[in-house]
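Q: Here you go, one structure.
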Amino acid sequence: MKNDRFLRALRREPVDCTPVWLMRQAGRYLPEYRASRAKAGSFLAMAKNPELACEVTLQPLERFDLDAAILFSDILTIPDAMGLGLYFVDGEGPKFERPVRDAAAIAKLGMPDMETELGYVMDAVRVIRRELDGRVPLIGFSGSPWTLACYMVEGGGSKDFARIKALAHNDPKALHALLSVNTDAVIAYLAAQRAAGAQALQVFDTWGGVLSPAMYREFSLPYLARIAHELERGEGAERTPLIVFGRGNAAYLEDLAASGAEGVGVDWLVELGEAARRTGGRVAVQGNLDPATLYGSPEAIRREVRRALDSWRDGNGGSREGHVFNLGHGMSPDMDPEHVRVLVDEVHAHSRR
Ligand code: 1CP
């Protein structure tokens, strides 16, 4: 591995400077991504073609000094492979032809086969590892059981999560059955990505923060902990680190630090210094610049990057160890690639000083 800063930071080992990668670093803000997408015809066609998935995974690395690559795919591949029929409506995001809304539909769900139905994902991981040739580590990922369930029950994105919350209140047993199938699938999916060559794994609990604390502790946290405990990922320096990212997870940092994961990803609603104090060196922390900072001027971006880096250092006993720099959520299509360069370079320059 030519650059292993990201993996070292996740093991809370000393690094020459703080590693950085960005959620949604491959995407529509890059003209070369838009060209690949036009060539493929659609997002799904691109994600299902291992060569094209590899091409767009590498695009941000050609431009910026990023310390990790993330597999180009989507969290909704699992429910798609379970037979829900994923499709995209332009401007509206993902949708399912056959959402699951009751105990009967949930009981029919089966575990997809990782090397057939989801073989295109594993092929993409293998192609990307070959093409990366050890430049930086490759991150594999999955949605969390709860976040996948949100899309499966709602049938797409949602503003109020009315259907899944109604299910939680009216038939919690059915929702637990769904979360349990999803957890088994996530564990098998991440294990298969690791076997195919993924060197770190991230679970996106994007919608955990829409739950009340009592409901988060019932419907999301225990399933994240089950993944962290049951996912076989080696020992010592060979261990494949697992990061649990969640939006709105600031109230649960102590629980997440005790979940068994090696890293916790946080959004910008918590100070990194506070995250350092509350996780107390039990896990690495990843985050947490507000993505909208990228709409600011280069000077504003540099200032916010320095503030975040120093907040971590001050809360972490004066050390920069154990921090992976990232945004608190994904990038948007209208962001300026030159601003990304400013961000990435400032993370390295300031943390090296
Ligand atoms: O080209 C396009 O217009 C498609 C847009 C797009 C892209 C680029 C979608 C549809 N998915 C992706 C790729 C993607 N999705 C990646 C690639 C790797 C990278 O980060 O560069 C990753 C990690 C995801 C994960 C994902 N998909 C999440 C979790 C992360 C997050 O953003 O919170 C979620 C919630 C999804 C669902 C999804 N897929 C696509 C969209 C637009 C959405 C969000 C819909 C919604 O807001 O509910």
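Chain lettering (A, B, ...) mirrors the order of the structure tokens, residue numbering begins at 1 for each chain separately, and ligand numbering begins at 1 in order of display.
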So that I can check the surroundings of A:Asp80, please list as a compact mmCIF listing (two decimals) with N, CA, C and O atoms, in the first residue's frame every protein, DNA and RNA residue that reaches within 10 Å of it, counting only C-alpha atoms and ignoring chain neighbours fewer than 5 positions away.
A:
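Now in result-v3.txt:
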```txt
# COMPACT_ATOMS: atom_id res chain seq x y z
N ILE A 75 -26.53 2.11 -1.93
CA ILE A 75 -27.00 1.28 -0.81
C ILE A 75 -28.22 0.44 -1.23
O ILE A 75 -28.53 -0.54 -0.57
N GLY A 85 -37.32 -4.28 -7.19
CA GLY A 85 -37.43 -3.54 -8.46
C GLY A 85 -37.03 -2.08 -8.33
O GLY A 85 -37.86 -1.17 -8.38
N LEU A 86 -35.73 -1.83 -8.22
CA LEU A 86 -35.21 -0.45 -8.08
C LEU A 86 -35.26 0.26 -9.43
O LEU A 86 -34.89 -0.31 -10.44
N TYR A 87 -35.74 1.49 -9.43
CA TYR A 87 -35.64 2.32 -10.64
C TYR A 87 -35.49 3.77 -10.22
O TYR A 87 -35.73 4.13 -9.06
N PHE A 96 -38.97 2.10 -5.64
CA PHE A 96 -39.16 0.66 -5.77
C PHE A 96 -40.51 0.36 -6.37
O PHE A 96 -41.53 0.93 -5.97
N GLU A 97 -40.52 -0.57 -7.36
CA GLU A 97 -41.78 -1.00 -7.96
C GLU A 97 -42.64 -1.78 -6.96
O GLU A 97 -43.85 -1.70 -6.99
N ARG A 98 -41.97 -2.57 -6.09
CA ARG A 98 -42.69 -3.43 -5.16
C ARG A 98 -42.21 -3.19 -3.73
O ARG A 98 -41.43 -3.99 -3.18
N PRO A 112 -30.42 -12.34 -0.79
CA PRO A 112 -29.88 -12.43 -2.15
C PRO A 112 -28.53 -13.15 -2.17
O PRO A 112 -27.82 -13.16 -1.16
N GLU A 117 -26.74 -12.61 -7.88
CA GLU A 117 -27.54 -11.37 -7.95
C GLU A 117 -26.73 -10.11 -7.67
O GLU A 117 -26.99 -9.07 -8.26
N LEU A 118 -25.76 -10.21 -6.77
CA LEU A 118 -24.94 -9.03 -6.45
C LEU A 118 -23.51 -9.20 -6.96
O LEU A 118 -22.60 -8.46 -6.54
N MET A 152 -37.33 0.62 1.63
CA MET A 152 -38.12 -0.57 1.26
C MET A 152 -39.60 -0.40 1.61
O MET A 152 -40.48 -0.85 0.89
```
Q: Residues of stretch 115-184 of chain A that approach stretch 200-217 of chain A to 9 Å or less, counting only C-alpha atoms: could you list each one with the shortest pair of atoms and its distance in Å to one decimal, rows by chain and increasing residue number, as a tab-separated table?
A:
```
residue	atom	partner	partner_atom	distance
A:Pro137	CA	A:Ala200	CA	7.4
A:Leu138	CA	A:Ala200	CA	6.6
A:Ile139	CA	A:Ala200	CA	4.7
A:Gly140	CA	A:Leu201	CA	4.8
A:Phe141	CA	A:Gln202	CA	4.6
A:Ser142	CA	A:Val203	CA	5.0
A:Gly143	CA	A:Phe204	CA	4.7
A:Ser144	CA	A:Asp205	CA	4.9
A:Pro145	CA	A:Asp205	CA	7.9
A:Trp146	CA	A:Gly208	CA	6.9
A:Thr147	CA	A:Trp207	CA	5.4
A:Leu148	CA	A:Asp205	CA	8.6
A:Cys150	CA	A:Trp207	CA	7.7
A:Asp160	CA	A:Val210	CA	8.5
A:Phe161	CA	A:Val210	CA	8.2
A:Lys165	CA	A:Leu211	CA	8.6
A:Ala168	CA	A:Met215	CA	8.6
```
Q: Mind the document's chain letters and residue numbers, and return as a count of residues only the residues of stretch 143-307 of chain A that DSSP labels helix (DSSP H, G or I).
A: 98
Q: Which residues form the shell of 9 Å around ligand 1 when you count only C-alpha atoms and all ligand atoms, given as a ChimeraX atom specification?
A: /A:22-28,33-34,37,42-44,46-47,56-57,60,69-76,88,90-95,140-144,147-148,151,156-159,202-207,245-247,329-331,333
Q: To one decimal place in Å, what is the distance between atom CA of A:Asp171 and atom CA of A:Gly83?
A: 22.6 Å
Q: I need the residues in stretch 74-229 of chain A that are strand (DSSP E or B) according to DSSP; give them as a list in words.
A: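 Filtering stretch 74-229 of chain A to strand (DSSP E or B) leaves Leu86, Tyr87, Phe88, Val89, Gly93, Pro94, Lys95, Phe96, Leu138, Ile139, Gly140, Phe141, Ser142, Gly143, Gly156, Ala200, Leu201, Gln202, Val203, Phe204 and Asp205 of chain A.
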Q: Return the single residue from A:Ala258, A:Ala162, A:Ala195, A:Ala284 that is closest to A:Gly234, with distances computed using only C-alpha atoms.
A: A:Ala195
Q: Find the residue from A:Gln193, A:Leu52, A:Gly263, A:Ala166 that sits nearest to A:Glu115; use only C-alpha atoms when measuring.
A: A:Gln193
Q: Under the rule that only C-alpha atoms are counted, which of A:Val136, A:Ile106, A:Leu309, A:Met335 is the nearest residue to A:Ala292?
A: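 Counting only C-alpha atoms, the residue closest to A:Ala292 is A:Met335.
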Q: Of the candidates A:Arg277, A:Arg320, A:Arg233, A:Arg352, which shows the shortest atom-to-atom distance to A:Ala192, using only C-alpha atoms?
A: A:Arg233
